[in-house]
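K.L.:
First the structure, then my questions, so here it is.
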2 protein chains.
Amino acid sequence: MKNTNKRYDSQCGDCELCTQTINRRRVRIDGEEISALENIIQSHTPTKKGAIVYQEEQKFTHLFTVHSGMFKSIYVNPHGEERIVEIFIPGHVMGFDGIRDGRYKTTVKAISDGSYCTIPFQQLNELAFRHKSIQDRLFKMMSEKILQFEISHSEYNAQQKLVHFIKTVSDLYYSRGFSAKQFPFPISQRDLANFLGLAEETLSRTLAKLKKSKVLTIKNKQVCIFDLDGLDKILA
Amino acid sequence: MKNTNKRYDSQCGDCELCTQTINRRRVRIDGEEISALENIIQSHTPTKKGAIVYQEEQKFTHLFTVHSGMFKSIYVNPHGEERIVEIFIPGHVMGFDGIRDGRYKTTVKAISDGSYCTIPFQQLNELAFRHKSIQDRLFKMMSEKILQFEISHSEYNAQQKLVHFIKTVSDLYYSRGFSAKQFPFPISQRDLANFLGLAEETLSRTLAKLKKSKVLTIKNKQVCIFDLDGLDKILA
DNA sequence: CGGCTGTTTGATGAGTGTCAACGAATGTGG
DNA sequence: CCACATTCGTTGACACTCATCAAACAGCCG
């Protein structure tokens with residue numbers, strides 16, 4: 001099982017910081033700045049499922065990029081309820097919530113076995129101050145994130161929420177050269193429901209409906225999309 | 001009417017860029033960097049209600065800070081439906097959605113008469129590259145915005161959505177030294193419903209309920225909060 | 001005054017959350 | 001390797017929130 005997942009690994013210089021999307025494909029940015037960047041990235045910390053990358057209120061020191069596996073970012077509301085606010089897959093950068101006031105505001109845990117790279121923010125910051133292109137990239141990445149949130153804010157029903165998320169993941173795999181129709185999906189339905197703001201039962205029923213209408217299934221922690229156009233129709 | 005609003009104006013060096021929150025109060029950051037910043041800010045463009053600050057797909061050149069009045073940021077989804085994704089009040093910075101790829105992704109319009117300041121991003125960028133503290137501030141502001149979205153993602157019912165938004169505005173006025181219990185609120189119920197993702201009728205009924213239970217009212221484009229603790233209880 | 005636009009009210013139904021129970025899968029210790 | 005415990009996913013019944021439709025009402029401006 002672990003071996004079949006291996007091909008989905010992200011290379012070290014393959015994260016959002018070092019790549020850009022052109023024609024739906026993720027391509028590496030070249031230049032000495034990027035090399036400088038790669039030099040401060042500490043590579044491949046392997047993690048077991050459930051392992052903690054960073055914790056709420058811990059001092060903010062690093063950003064992290066997912067290398068393999070899936071991670072979740074958890075926010076605990078004032079009533080102690082855990083809410084999953086983000087799901088990360090290979091290439092994603094984790095830890096932006098710490099920049100604000102020097103402490104992480106969420107807790108990040110591994111959903112599956114996997115590994116991540118570590119970027120000392122202090123050094124990244126210095127680098128951004130020396131290389132304009134790196135400063136620009138950081139601004140752009142954060143701007144992108146803000147835009148995504150703004151738009152995703154829009155009102156979807158249960159099916160659309162689910163399909164939208166799966167499509168996002170599909171696009172991401174596609175952009176890295178993998179199949180858009182079949183890819184690993186190690187997240188549990190409980191976590192997924194929590195993330196999407198749905199009851200577990202609603203998610204289960206929604207998945208059943210999508211399977212019945214031959215749009216997609218999730219089996220053995222793998223998504224299999226039968227009808228990509230069907231997905232778009234659901235979101236339309 | 002316009003005169004009574006005047007005291008709610010934000011000063012030029014009063015926006016999120018030049019201030020920070022300490023003990024729920026917004027205080028000015030000092031230092032020559034901030035002065036440099038103020039030098040590139042072009043002051044006070046007055047606008048009439050309905051006026052457009054920037055438009056989707058227009059080339060990204062400036063950030064804007066609200067000086068007085070209220071503004072809305074509109075995203076048009078693929079089906080031509082308009083969705084209000086942000087509401088801006090004095091001190092807020094508008095235009096971050098343009099950094100991503102050099103074009104604004106939303107349209108910003110004035111909800112009421114008001115005015116705003118203009119910051120050439122090119123110059124701001126240069127400045128951020130020279131003054132580390134400005135780069136830091138920009139990073140922090142964007143991080144803050146990301147965090148807000150992540151958290152607000154959490155599941156609220158209609159009443160909580162409404163109360164949460166009003167509380168946000170209240171806090172913001174308070175942080176600038178105005179009353180937390182009574183402040184201008186020029187947004188129409190239609191726009192507000194759209195922003196909150198509610199039907200107009202639901203919003204109307206929710207407001208009626210809050211008024212009946214003596215928590216708050218909105219009259220003459222003014223919010224009047226009777227029971228601040230009541231608000232917190234609703235969100236709890 | 002009439003024609004807008006914005007807000008309110010009532011009736012109805014769709015979509016989801018909740019509760020309860022069960023079945024399937026996974027992990028654990030002997 | 002089996003028996004058991006635990007987690008995870010499924011299914012049905014039901015209640016409730018909220019969107020929708022329809023219609024009336026209020027405020028505003030020419």
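Residue numbering restarts at 1 in every chain; chains get A, B, ... in the order shown in the structure tokens, and ligands count up from 1 in that same order.
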List the neighbours of DC14 (chain D) out to 12 Å using only C-alpha atoms (C1' of nucleotides); skip same-chain residues closer than 4 positions along the sequence, and give me the result as a list in words.

P.N.:
DT16, DG17, DT18, DC19 and DA20 of chain C

K.L.:
Deliver the residues from the most recent selection as a file, using C-alpha atoms (C1' of nucleotides), as a PDB file, in the first residue's frame.

P.N.:
```pdb
ATOM      1  C1'  DT C  16     -29.651  18.652   6.351  1.00  0.00           C
ATOM      2  C1'  DG C  17     -28.831  17.727  11.099  1.00  0.00           C
ATOM      3  C1'  DT C  18     -29.926  14.578  14.819  1.00  0.00           C
ATOM      4  C1'  DC C  19     -30.913  10.270  17.053  1.00  0.00           C
ATOM      5  C1'  DA C  20     -30.724   5.445  17.061  1.00  0.00           C
TER       6       DA C  20
END
```

K.L.:
Provide as a list in words the residues of chain D at most 10 Å from chain A, counting only C-alpha atoms (C1' of nucleotides).

P.N.:
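Interface list for chain D against chain A: DC8, DG9, DT10 and DT11 of chain D.
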
K.L.:
How would you write, as a PDB file with N, CA and C atoms, in the first residue's frame, the set of residues in region 23-191 of chain B that DSSP gives as strand (DSSP E)?

P.N.:
```
ATOM      1  N   ARG B  25      -7.408  47.914  21.133  1.00  0.00           N
ATOM      2  CA  ARG B  25      -7.371  49.275  20.590  1.00  0.00           C
ATOM      3  C   ARG B  25      -6.374  49.344  19.444  1.00  0.00           C
ATOM      4  N   ARG B  26      -6.735  50.106  18.473  1.00  0.00           N
ATOM      5  CA  ARG B  26      -5.883  50.282  17.309  1.00  0.00           C
ATOM      6  C   ARG B  26      -4.926  51.423  17.595  1.00  0.00           C
ATOM      7  N   VAL B  27      -3.641  51.175  17.560  1.00  0.00           N
ATOM      8  CA  VAL B  27      -2.702  52.267  17.797  1.00  0.00           C
ATOM      9  C   VAL B  27      -1.727  52.390  16.643  1.00  0.00           C
ATOM     10  N   ARG B  28      -1.289  53.594  16.455  1.00  0.00           N
ATOM     11  CA  ARG B  28      -0.433  53.919  15.342  1.00  0.00           C
ATOM     12  C   ARG B  28       0.972  53.369  15.572  1.00  0.00           C
ATOM     13  N   GLN B  42      -1.760  58.157  -1.624  1.00  0.00           N
ATOM     14  CA  GLN B  42      -2.438  59.317  -2.201  1.00  0.00           C
ATOM     15  C   GLN B  42      -3.782  59.468  -1.513  1.00  0.00           C
ATOM     16  N   SER B  43      -4.023  60.687  -1.038  1.00  0.00           N
ATOM     17  CA  SER B  43      -5.119  60.772  -0.078  1.00  0.00           C
ATOM     18  C   SER B  43      -6.477  61.067  -0.696  1.00  0.00           C
ATOM     19  N   HIS B  44      -7.463  60.552  -0.023  1.00  0.00           N
ATOM     20  CA  HIS B  44      -8.874  60.927  -0.079  1.00  0.00           C
ATOM     21  C   HIS B  44      -9.507  61.143  -1.440  1.00  0.00           C
ATOM     22  N   THR B  45      -9.828  60.095  -2.089  1.00  0.00           N
ATOM     23  CA  THR B  45     -10.694  60.192  -3.241  1.00  0.00           C
ATOM     24  C   THR B  45     -12.127  60.058  -2.756  1.00  0.00           C
ATOM     25  N   PRO B  46     -12.941  61.091  -2.939  1.00  0.00           N
ATOM     26  CA  PRO B  46     -14.335  60.971  -2.499  1.00  0.00           C
ATOM     27  C   PRO B  46     -15.139  60.151  -3.507  1.00  0.00           C
ATOM     28  N   THR B  47     -16.083  59.372  -3.010  1.00  0.00           N
ATOM     29  CA  THR B  47     -16.922  58.559  -3.893  1.00  0.00           C
ATOM     30  C   THR B  47     -18.384  58.694  -3.539  1.00  0.00           C
ATOM     31  N   ILE B  52     -17.550  52.804  -8.513  1.00  0.00           N
ATOM     32  CA  ILE B  52     -16.672  51.642  -8.604  1.00  0.00           C
ATOM     33  C   ILE B  52     -15.232  52.034  -8.267  1.00  0.00           C
ATOM     34  N   VAL B  53     -14.620  51.297  -7.368  1.00  0.00           N
ATOM     35  CA  VAL B  53     -13.228  51.554  -7.012  1.00  0.00           C
ATOM     36  C   VAL B  53     -12.310  50.821  -7.987  1.00  0.00           C
ATOM     37  N   TYR B  54     -12.546  49.538  -8.151  1.00  0.00           N
ATOM     38  CA  TYR B  54     -11.851  48.804  -9.209  1.00  0.00           C
ATOM     39  C   TYR B  54     -12.744  47.677  -9.683  1.00  0.00           C
ATOM     40  N   HIS B  62      -3.020  49.199  -7.699  1.00  0.00           N
ATOM     41  CA  HIS B  62      -3.081  49.871  -6.400  1.00  0.00           C
ATOM     42  C   HIS B  62      -3.766  49.021  -5.344  1.00  0.00           C
ATOM     43  N   LEU B  63      -3.404  49.282  -4.100  1.00  0.00           N
ATOM     44  CA  LEU B  63      -4.245  48.893  -2.980  1.00  0.00           C
ATOM     45  C   LEU B  63      -5.004  50.141  -2.560  1.00  0.00           C
ATOM     46  N   PHE B  64      -6.087  49.953  -1.812  1.00  0.00           N
ATOM     47  CA  PHE B  64      -6.890  51.091  -1.376  1.00  0.00           C
ATOM     48  C   PHE B  64      -7.211  50.927   0.101  1.00  0.00           C
ATOM     49  N   THR B  65      -7.243  52.019   0.828  1.00  0.00           N
ATOM     50  CA  THR B  65      -7.691  51.920   2.215  1.00  0.00           C
ATOM     51  C   THR B  65      -8.933  52.766   2.378  1.00  0.00           C
ATOM     52  N   VAL B  66      -9.924  52.197   3.048  1.00  0.00           N
ATOM     53  CA  VAL B  66     -11.172  52.917   3.249  1.00  0.00           C
ATOM     54  C   VAL B  66     -10.952  54.049   4.237  1.00  0.00           C
ATOM     55  N   HIS B  67     -11.418  55.207   3.864  1.00  0.00           N
ATOM     56  CA  HIS B  67     -11.287  56.356   4.743  1.00  0.00           C
ATOM     57  C   HIS B  67     -12.610  56.650   5.439  1.00  0.00           C
ATOM     58  N   SER B  68     -13.689  56.620   4.686  1.00  0.00           N
ATOM     59  CA  SER B  68     -15.018  56.755   5.286  1.00  0.00           C
ATOM     60  C   SER B  68     -16.023  56.038   4.407  1.00  0.00           C
ATOM     61  N   PHE B  71     -17.747  49.810   1.736  1.00  0.00           N
ATOM     62  CA  PHE B  71     -17.541  49.309   0.378  1.00  0.00           C
ATOM     63  C   PHE B  71     -17.800  47.809   0.341  1.00  0.00           C
ATOM     64  N   LYS B  72     -18.150  47.309  -0.851  1.00  0.00           N
ATOM     65  CA  LYS B  72     -18.367  45.864  -0.979  1.00  0.00           C
ATOM     66  C   LYS B  72     -17.532  45.313  -2.116  1.00  0.00           C
ATOM     67  N   SER B  73     -17.074  44.091  -1.930  1.00  0.00           N
ATOM     68  CA  SER B  73     -16.303  43.416  -2.961  1.00  0.00           C
ATOM     69  C   SER B  73     -17.156  42.298  -3.545  1.00  0.00           C
ATOM     70  N   ILE B  74     -17.350  42.346  -4.856  1.00  0.00           N
ATOM     71  CA  ILE B  74     -18.300  41.459  -5.518  1.00  0.00           C
ATOM     72  C   ILE B  74     -17.568  40.470  -6.404  1.00  0.00           C
ATOM     73  N   TYR B  75     -17.905  39.220  -6.250  1.00  0.00           N
ATOM     74  CA  TYR B  75     -17.359  38.186  -7.128  1.00  0.00           C
ATOM     75  C   TYR B  75     -18.494  37.648  -7.985  1.00  0.00           C
ATOM     76  N   VAL B  76     -18.279  37.607  -9.283  1.00  0.00           N
ATOM     77  CA  VAL B  76     -19.305  37.072 -10.178  1.00  0.00           C
ATOM     78  C   VAL B  76     -18.959  35.630 -10.505  1.00  0.00           C
ATOM     79  N   GLU B  82     -24.032  37.419  -8.782  1.00  0.00           N
ATOM     80  CA  GLU B  82     -23.119  38.235  -7.987  1.00  0.00           C
ATOM     81  C   GLU B  82     -23.142  37.790  -6.542  1.00  0.00           C
ATOM     82  N   ARG B  83     -21.957  37.658  -6.013  1.00  0.00           N
ATOM     83  CA  ARG B  83     -21.864  37.275  -4.611  1.00  0.00           C
ATOM     84  C   ARG B  83     -20.948  38.269  -3.918  1.00  0.00           C
ATOM     85  N   ILE B  84     -21.422  38.842  -2.808  1.00  0.00           N
ATOM     86  CA  ILE B  84     -20.596  39.780  -2.065  1.00  0.00           C
ATOM     87  C   ILE B  84     -19.673  39.001  -1.154  1.00  0.00           C
ATOM     88  N   VAL B  85     -18.382  39.131  -1.357  1.00  0.00           N
ATOM     89  CA  VAL B  85     -17.444  38.302  -0.605  1.00  0.00           C
ATOM     90  C   VAL B  85     -16.774  39.050   0.544  1.00  0.00           C
ATOM     91  N   GLU B  86     -16.823  40.372   0.484  1.00  0.00           N
ATOM     92  CA  GLU B  86     -16.270  41.121   1.609  1.00  0.00           C
ATOM     93  C   GLU B  86     -16.969  42.458   1.765  1.00  0.00           C
ATOM     94  N   ILE B  87     -17.024  42.907   2.991  1.00  0.00           N
ATOM     95  CA  ILE B  87     -17.529  44.242   3.295  1.00  0.00           C
ATOM     96  C   ILE B  87     -16.385  45.008   3.944  1.00  0.00           C
ATOM     97  N   PHE B  88     -16.123  46.208   3.488  1.00  0.00           N
ATOM     98  CA  PHE B  88     -15.008  46.999   4.016  1.00  0.00           C
ATOM     99  C   PHE B  88     -15.518  48.231   4.742  1.00  0.00           C
ATOM    100  N   VAL B  93      -8.117  47.503   4.177  1.00  0.00           N
ATOM    101  CA  VAL B  93      -7.354  47.585   2.933  1.00  0.00           C
ATOM    102  C   VAL B  93      -8.037  46.737   1.863  1.00  0.00           C
ATOM    103  N   MET B  94      -8.246  47.317   0.699  1.00  0.00           N
ATOM    104  CA  MET B  94      -8.925  46.624  -0.391  1.00  0.00           C
ATOM    105  C   MET B  94      -7.951  46.396  -1.546  1.00  0.00           C
ATOM    106  N   THR B 107     -14.873  42.938  -8.036  1.00  0.00           N
ATOM    107  CA  THR B 107     -15.198  44.331  -8.290  1.00  0.00           C
ATOM    108  C   THR B 107     -15.556  44.974  -6.961  1.00  0.00           C
ATOM    109  N   VAL B 108     -15.017  46.160  -6.703  1.00  0.00           N
ATOM    110  CA  VAL B 108     -15.338  46.844  -5.450  1.00  0.00           C
ATOM    111  C   VAL B 108     -16.149  48.100  -5.726  1.00  0.00           C
ATOM    112  N   LYS B 109     -17.289  48.189  -5.028  1.00  0.00           N
ATOM    113  CA  LYS B 109     -18.192  49.330  -5.190  1.00  0.00           C
ATOM    114  C   LYS B 109     -18.460  49.978  -3.848  1.00  0.00           C
ATOM    115  N   ALA B 110     -18.765  51.259  -3.873  1.00  0.00           N
ATOM    116  CA  ALA B 110     -19.134  51.965  -2.653  1.00  0.00           C
ATOM    117  C   ALA B 110     -20.587  51.660  -2.304  1.00  0.00           C
ATOM    118  N   GLY B 114     -18.617  58.011   0.471  1.00  0.00           N
ATOM    119  CA  GLY B 114     -17.448  57.801   1.307  1.00  0.00           C
ATOM    120  C   GLY B 114     -16.198  58.293   0.619  1.00  0.00           C
ATOM    121  N   SER B 115     -15.061  57.827   1.105  1.00  0.00           N
ATOM    122  CA  SER B 115     -13.815  58.178   0.442  1.00  0.00           C
ATOM    123  C   SER B 115     -12.754  57.148   0.791  1.00  0.00           C
ATOM    124  N   TYR B 116     -11.742  57.107  -0.047  1.00  0.00           N
ATOM    125  CA  TYR B 116     -10.685  56.124   0.183  1.00  0.00           C
ATOM    126  C   TYR B 116      -9.342  56.692  -0.229  1.00  0.00           C
ATOM    127  N   CYS B 117      -8.278  56.067   0.263  1.00  0.00           N
ATOM    128  CA  CYS B 117      -6.925  56.450  -0.122  1.00  0.00           C
ATOM    129  C   CYS B 117      -6.369  55.409  -1.087  1.00  0.00           C
ATOM    130  N   THR B 118      -5.348  55.816  -1.816  1.00  0.00           N
ATOM    131  CA  THR B 118      -4.821  54.999  -2.895  1.00  0.00           C
ATOM    132  C   THR B 118      -3.336  54.747  -2.656  1.00  0.00           C
ATOM    133  N   ILE B 119      -2.935  53.486  -2.751  1.00  0.00           N
ATOM    134  CA  ILE B 119      -1.528  53.142  -2.555  1.00  0.00           C
ATOM    135  C   ILE B 119      -0.994  52.453  -3.799  1.00  0.00           C
ATOM    136  N   PRO B 120      -0.065  53.076  -4.493  1.00  0.00           N
ATOM    137  CA  PRO B 120       0.505  52.418  -5.678  1.00  0.00           C
ATOM    138  C   PRO B 120       1.275  51.188  -5.231  1.00  0.00           C
ATOM    139  N   GLN B 182     -23.240  51.700  19.150  1.00  0.00           N
ATOM    140  CA  GLN B 182     -24.020  52.438  18.167  1.00  0.00           C
ATOM    141  C   GLN B 182     -23.089  52.984  17.095  1.00  0.00           C
ATOM    142  N   PHE B 183     -23.374  52.652  15.854  1.00  0.00           N
ATOM    143  CA  PHE B 183     -22.479  53.072  14.781  1.00  0.00           C
ATOM    144  C   PHE B 183     -23.203  53.009  13.444  1.00  0.00           C
ATOM    145  N   PRO B 184     -22.673  53.719  12.446  1.00  0.00           N
ATOM    146  CA  PRO B 184     -23.315  53.739  11.138  1.00  0.00           C
ATOM    147  C   PRO B 184     -23.233  52.378  10.465  1.00  0.00           C
TER     148      PRO B 184
END
```

K.L.:
Compile the contact shell of region 122-136 of chain B as a ChimeraX atom specification: residues with an atom at most 10 Å away, counting only C-alpha atoms (C1' of nucleotides), same-chain residues fewer than 3 positions apart removed.

P.N.:
/A:99-100,125-126,128-132,135-136,139 /B:17-18,31-34,36-37,40-41,60-63,119,139-142

K.L.:
Write the residues of the preceding selection, restricted to N, CA and C atoms, as a PDB file, in the first residue's frame.

P.N.:
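Output file result.pdb is given in full below:
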```
ATOM      1  N   ILE A  99       2.176  33.366  11.075  1.00  0.00           N
ATOM      2  CA  ILE A  99       2.880  34.609  10.768  1.00  0.00           C
ATOM      3  C   ILE A  99       2.268  35.782  11.521  1.00  0.00           C
ATOM      4  N   ARG A 100       0.961  35.737  11.626  1.00  0.00           N
ATOM      5  CA  ARG A 100       0.179  36.840  12.159  1.00  0.00           C
ATOM      6  C   ARG A 100       0.739  37.402  13.454  1.00  0.00           C
ATOM      7  N   ASN A 125      12.423  34.631   5.477  1.00  0.00           N
ATOM      8  CA  ASN A 125      12.155  36.056   5.565  1.00  0.00           C
ATOM      9  C   ASN A 125      13.365  36.870   5.097  1.00  0.00           C
ATOM     10  N   GLU A 126      14.521  36.484   5.560  1.00  0.00           N
ATOM     11  CA  GLU A 126      15.749  37.144   5.134  1.00  0.00           C
ATOM     12  C   GLU A 126      15.894  37.060   3.620  1.00  0.00           C
ATOM     13  N   ALA A 128      13.596  36.567   1.433  1.00  0.00           N
ATOM     14  CA  ALA A 128      12.581  37.373   0.753  1.00  0.00           C
ATOM     15  C   ALA A 128      13.000  38.838   0.734  1.00  0.00           C
ATOM     16  N   PHE A 129      13.790  39.176   1.719  1.00  0.00           N
ATOM     17  CA  PHE A 129      14.213  40.571   1.812  1.00  0.00           C
ATOM     18  C   PHE A 129      15.382  40.844   0.860  1.00  0.00           C
ATOM     19  N   ARG A 130      16.093  39.797   0.506  1.00  0.00           N
ATOM     20  CA  ARG A 130      17.207  39.974  -0.425  1.00  0.00           C
ATOM     21  C   ARG A 130      16.758  39.765  -1.871  1.00  0.00           C
ATOM     22  N   HIS A 131      15.856  38.811  -2.053  1.00  0.00           N
ATOM     23  CA  HIS A 131      15.434  38.482  -3.422  1.00  0.00           C
ATOM     24  C   HIS A 131      13.981  38.910  -3.633  1.00  0.00           C
ATOM     25  N   LYS A 132      13.817  39.915  -4.456  1.00  0.00           N
ATOM     26  CA  LYS A 132      12.481  40.432  -4.696  1.00  0.00           C
ATOM     27  C   LYS A 132      11.539  39.347  -5.213  1.00  0.00           C
ATOM     28  N   GLN A 135      10.056  37.469  -2.370  1.00  0.00           N
ATOM     29  CA  GLN A 135       9.033  38.279  -1.704  1.00  0.00           C
ATOM     30  C   GLN A 135       7.746  38.265  -2.534  1.00  0.00           C
ATOM     31  N   ASP A 136       7.900  38.458  -3.821  1.00  0.00           N
ATOM     32  CA  ASP A 136       6.732  38.442  -4.706  1.00  0.00           C
ATOM     33  C   ASP A 136       5.983  37.123  -4.632  1.00  0.00           C
ATOM     34  N   PHE A 139       3.981  36.920  -1.452  1.00  0.00           N
ATOM     35  CA  PHE A 139       2.789  37.756  -1.565  1.00  0.00           C
ATOM     36  C   PHE A 139       1.744  37.070  -2.433  1.00  0.00           C
TER      37      PHE A 139
ATOM     38  N   LEU B  17      -2.418  49.123   7.666  1.00  0.00           N
ATOM     39  CA  LEU B  17      -0.992  49.126   7.377  1.00  0.00           C
ATOM     40  C   LEU B  17      -0.192  49.878   8.428  1.00  0.00           C
ATOM     41  N   CYS B  18      -0.779  50.962   8.917  1.00  0.00           N
ATOM     42  CA  CYS B  18      -0.013  51.863   9.786  1.00  0.00           C
ATOM     43  C   CYS B  18      -0.352  51.715  11.257  1.00  0.00           C
ATOM     44  N   GLY B  31       7.758  55.288  13.440  1.00  0.00           N
ATOM     45  CA  GLY B  31       8.977  54.897  12.750  1.00  0.00           C
ATOM     46  C   GLY B  31       9.037  55.524  11.382  1.00  0.00           C
ATOM     47  N   GLU B  32      10.258  55.675  10.905  1.00  0.00           N
ATOM     48  CA  GLU B  32      10.412  56.369   9.628  1.00  0.00           C
ATOM     49  C   GLU B  32       9.833  55.570   8.469  1.00  0.00           C
ATOM     50  N   GLU B  33       9.775  54.214   8.644  1.00  0.00           N
ATOM     51  CA  GLU B  33       9.198  53.405   7.574  1.00  0.00           C
ATOM     52  C   GLU B  33       7.748  53.815   7.340  1.00  0.00           C
ATOM     53  N   ILE B  34       7.045  54.006   8.452  1.00  0.00           N
ATOM     54  CA  ILE B  34       5.636  54.352   8.324  1.00  0.00           C
ATOM     55  C   ILE B  34       5.479  55.717   7.665  1.00  0.00           C
ATOM     56  N   ALA B  36       7.533  56.923   5.523  1.00  0.00           N
ATOM     57  CA  ALA B  36       7.798  56.663   4.112  1.00  0.00           C
ATOM     58  C   ALA B  36       6.550  56.128   3.449  1.00  0.00           C
ATOM     59  N   LEU B  37       5.878  55.258   4.175  1.00  0.00           N
ATOM     60  CA  LEU B  37       4.654  54.661   3.658  1.00  0.00           C
ATOM     61  C   LEU B  37       3.604  55.745   3.410  1.00  0.00           C
ATOM     62  N   ILE B  40       3.787  57.729   0.184  1.00  0.00           N
ATOM     63  CA  ILE B  40       3.343  57.218  -1.113  1.00  0.00           C
ATOM     64  C   ILE B  40       1.818  57.057  -1.187  1.00  0.00           C
ATOM     65  N   ILE B  41       1.145  57.176  -0.037  1.00  0.00           N
ATOM     66  CA  ILE B  41      -0.314  57.068  -0.049  1.00  0.00           C
ATOM     67  C   ILE B  41      -0.920  58.343  -0.616  1.00  0.00           C
ATOM     68  N   PHE B  60      -4.061  45.129 -12.009  1.00  0.00           N
ATOM     69  CA  PHE B  60      -3.803  45.436 -10.607  1.00  0.00           C
ATOM     70  C   PHE B  60      -2.668  46.442 -10.489  1.00  0.00           C
ATOM     71  N   THR B  61      -2.975  47.595  -9.938  1.00  0.00           N
ATOM     72  CA  THR B  61      -1.948  48.618  -9.798  1.00  0.00           C
ATOM     73  C   THR B  61      -1.884  49.187  -8.386  1.00  0.00           C
ATOM     74  N   HIS B  62      -3.020  49.199  -7.699  1.00  0.00           N
ATOM     75  CA  HIS B  62      -3.081  49.871  -6.400  1.00  0.00           C
ATOM     76  C   HIS B  62      -3.766  49.021  -5.344  1.00  0.00           C
ATOM     77  N   LEU B  63      -3.404  49.282  -4.100  1.00  0.00           N
ATOM     78  CA  LEU B  63      -4.245  48.893  -2.980  1.00  0.00           C
ATOM     79  C   LEU B  63      -5.004  50.141  -2.560  1.00  0.00           C
ATOM     80  N   ILE B 119      -2.935  53.486  -2.751  1.00  0.00           N
ATOM     81  CA  ILE B 119      -1.528  53.142  -2.555  1.00  0.00           C
ATOM     82  C   ILE B 119      -0.994  52.453  -3.799  1.00  0.00           C
ATOM     83  N   PHE B 139       3.056  40.810   5.324  1.00  0.00           N
ATOM     84  CA  PHE B 139       2.907  39.380   5.596  1.00  0.00           C
ATOM     85  C   PHE B 139       1.882  39.152   6.697  1.00  0.00           C
ATOM     86  N   LYS B 140       2.006  39.934   7.738  1.00  0.00           N
ATOM     87  CA  LYS B 140       1.113  39.725   8.878  1.00  0.00           C
ATOM     88  C   LYS B 140      -0.334  40.018   8.524  1.00  0.00           C
ATOM     89  N   MET B 141      -0.539  41.112   7.784  1.00  0.00           N
ATOM     90  CA  MET B 141      -1.903  41.456   7.399  1.00  0.00           C
ATOM     91  C   MET B 141      -2.535  40.345   6.583  1.00  0.00           C
ATOM     92  N   MET B 142      -1.752  39.793   5.660  1.00  0.00           N
ATOM     93  CA  MET B 142      -2.315  38.749   4.809  1.00  0.00           C
ATOM     94  C   MET B 142      -2.537  37.479   5.616  1.00  0.00           C
TER      95      MET B 142
END
```

K.L.:
Per DSSP on the backbone, what are the helix (DSSP H, G or I) residues of region 2-213 of chain A, as a PyMOL selection string?

P.N.:
chain A and resi 2-6+12-14+32-40+96-98+121-130+132-152+158-175+189-196+200-212

K.L.:
Using only C-alpha atoms (C1' of nucleotides), which residues sit within 12 Å of DG3 (chain C) once same-chain residues fewer than 4 positions away are excluded, as a CSV table (one decimal) with N, CA and C atoms (P, O5', C5', C4', C3', O3' and C1' of nucleotides), in the first residue's frame?

P.N.:
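Result file is part-v3.csv:
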```csv
chain,number,residue,atom,x,y,z
D,28,DC,P,-37.4,57.4,3.8
D,28,DC,O5',-37.2,57.6,2.3
D,28,DC,C5',-36.4,56.6,1.5
D,28,DC,C4',-36.4,57.0,0.1
D,28,DC,C3',-36.3,58.5,-0.2
D,28,DC,O3',-35.2,58.8,-1.0
D,28,DC,C1',-38.1,57.6,-1.4
D,29,DC,P,-34.7,60.2,-1.4
D,29,DC,O5',-35.2,60.4,-2.9
D,29,DC,C5',-35.0,59.3,-3.8
D,29,DC,C4',-35.6,59.7,-5.1
D,29,DC,C3',-35.6,61.3,-5.3
D,29,DC,O3',-35.3,61.5,-6.7
D,29,DC,C1',-37.8,60.5,-5.5
D,30,DG,P,-35.0,63.0,-7.2
D,30,DG,O5',-35.8,63.0,-8.5
D,30,DG,C5',-35.6,62.0,-9.5
D,30,DG,C4',-36.9,61.8,-10.3
D,30,DG,C3',-37.3,63.0,-11.1
D,30,DG,O3',-37.8,62.6,-12.3
D,30,DG,C1',-39.1,62.4,-9.6
```

K.L.:
Any idea what's packed within 9 Å of region 11-14 of chain C, counting only C-alpha atoms (C1' of nucleotides), ignoring anything in its chain fewer than 6 positions away? Could you give it as a PDB file with N, CA and C atoms (P, O5', C5', C4', C3', O3' and C1' of nucleotides), in the first residue's frame?

P.N.:
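Generated output (result_18.pdb):
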```
ATOM      1  P    DA D  19     -31.389  30.674   3.716  1.00  0.00           P
ATOM      2  O5'  DA D  19     -32.144  30.184   2.413  1.00  0.00           O
ATOM      3  C5'  DA D  19     -31.725  28.971   1.796  1.00  0.00           C
ATOM      4  C4'  DA D  19     -32.661  28.591   0.670  1.00  0.00           C
ATOM      5  C3'  DA D  19     -32.975  29.716  -0.312  1.00  0.00           C
ATOM      6  O3'  DA D  19     -33.096  29.175  -1.625  1.00  0.00           O
ATOM      7  C1'  DA D  19     -34.968  29.025   0.787  1.00  0.00           C
ATOM      8  P    DT D  20     -33.368  30.120  -2.879  1.00  0.00           P
ATOM      9  O5'  DT D  20     -34.897  29.899  -3.235  1.00  0.00           O
ATOM     10  C5'  DT D  20     -35.486  28.620  -3.071  1.00  0.00           C
ATOM     11  C4'  DT D  20     -36.987  28.710  -3.272  1.00  0.00           C
ATOM     12  C3'  DT D  20     -37.447  29.853  -4.200  1.00  0.00           C
ATOM     13  O3'  DT D  20     -38.304  29.308  -5.185  1.00  0.00           O
ATOM     14  C1'  DT D  20     -38.656  29.879  -2.164  1.00  0.00           C
ATOM     15  P    DC D  21     -38.677  30.131  -6.521  1.00  0.00           P
ATOM     16  O5'  DC D  21     -40.189  30.530  -6.238  1.00  0.00           O
ATOM     17  C5'  DC D  21     -41.115  29.505  -5.836  1.00  0.00           C
ATOM     18  C4'  DC D  21     -42.394  30.128  -5.338  1.00  0.00           C
ATOM     19  C3'  DC D  21     -42.874  31.344  -6.138  1.00  0.00           C
ATOM     20  O3'  DC D  21     -44.216  31.139  -6.529  1.00  0.00           O
ATOM     21  C1'  DC D  21     -42.884  31.794  -3.816  1.00  0.00           C
TER      22       DC D  21
END
```
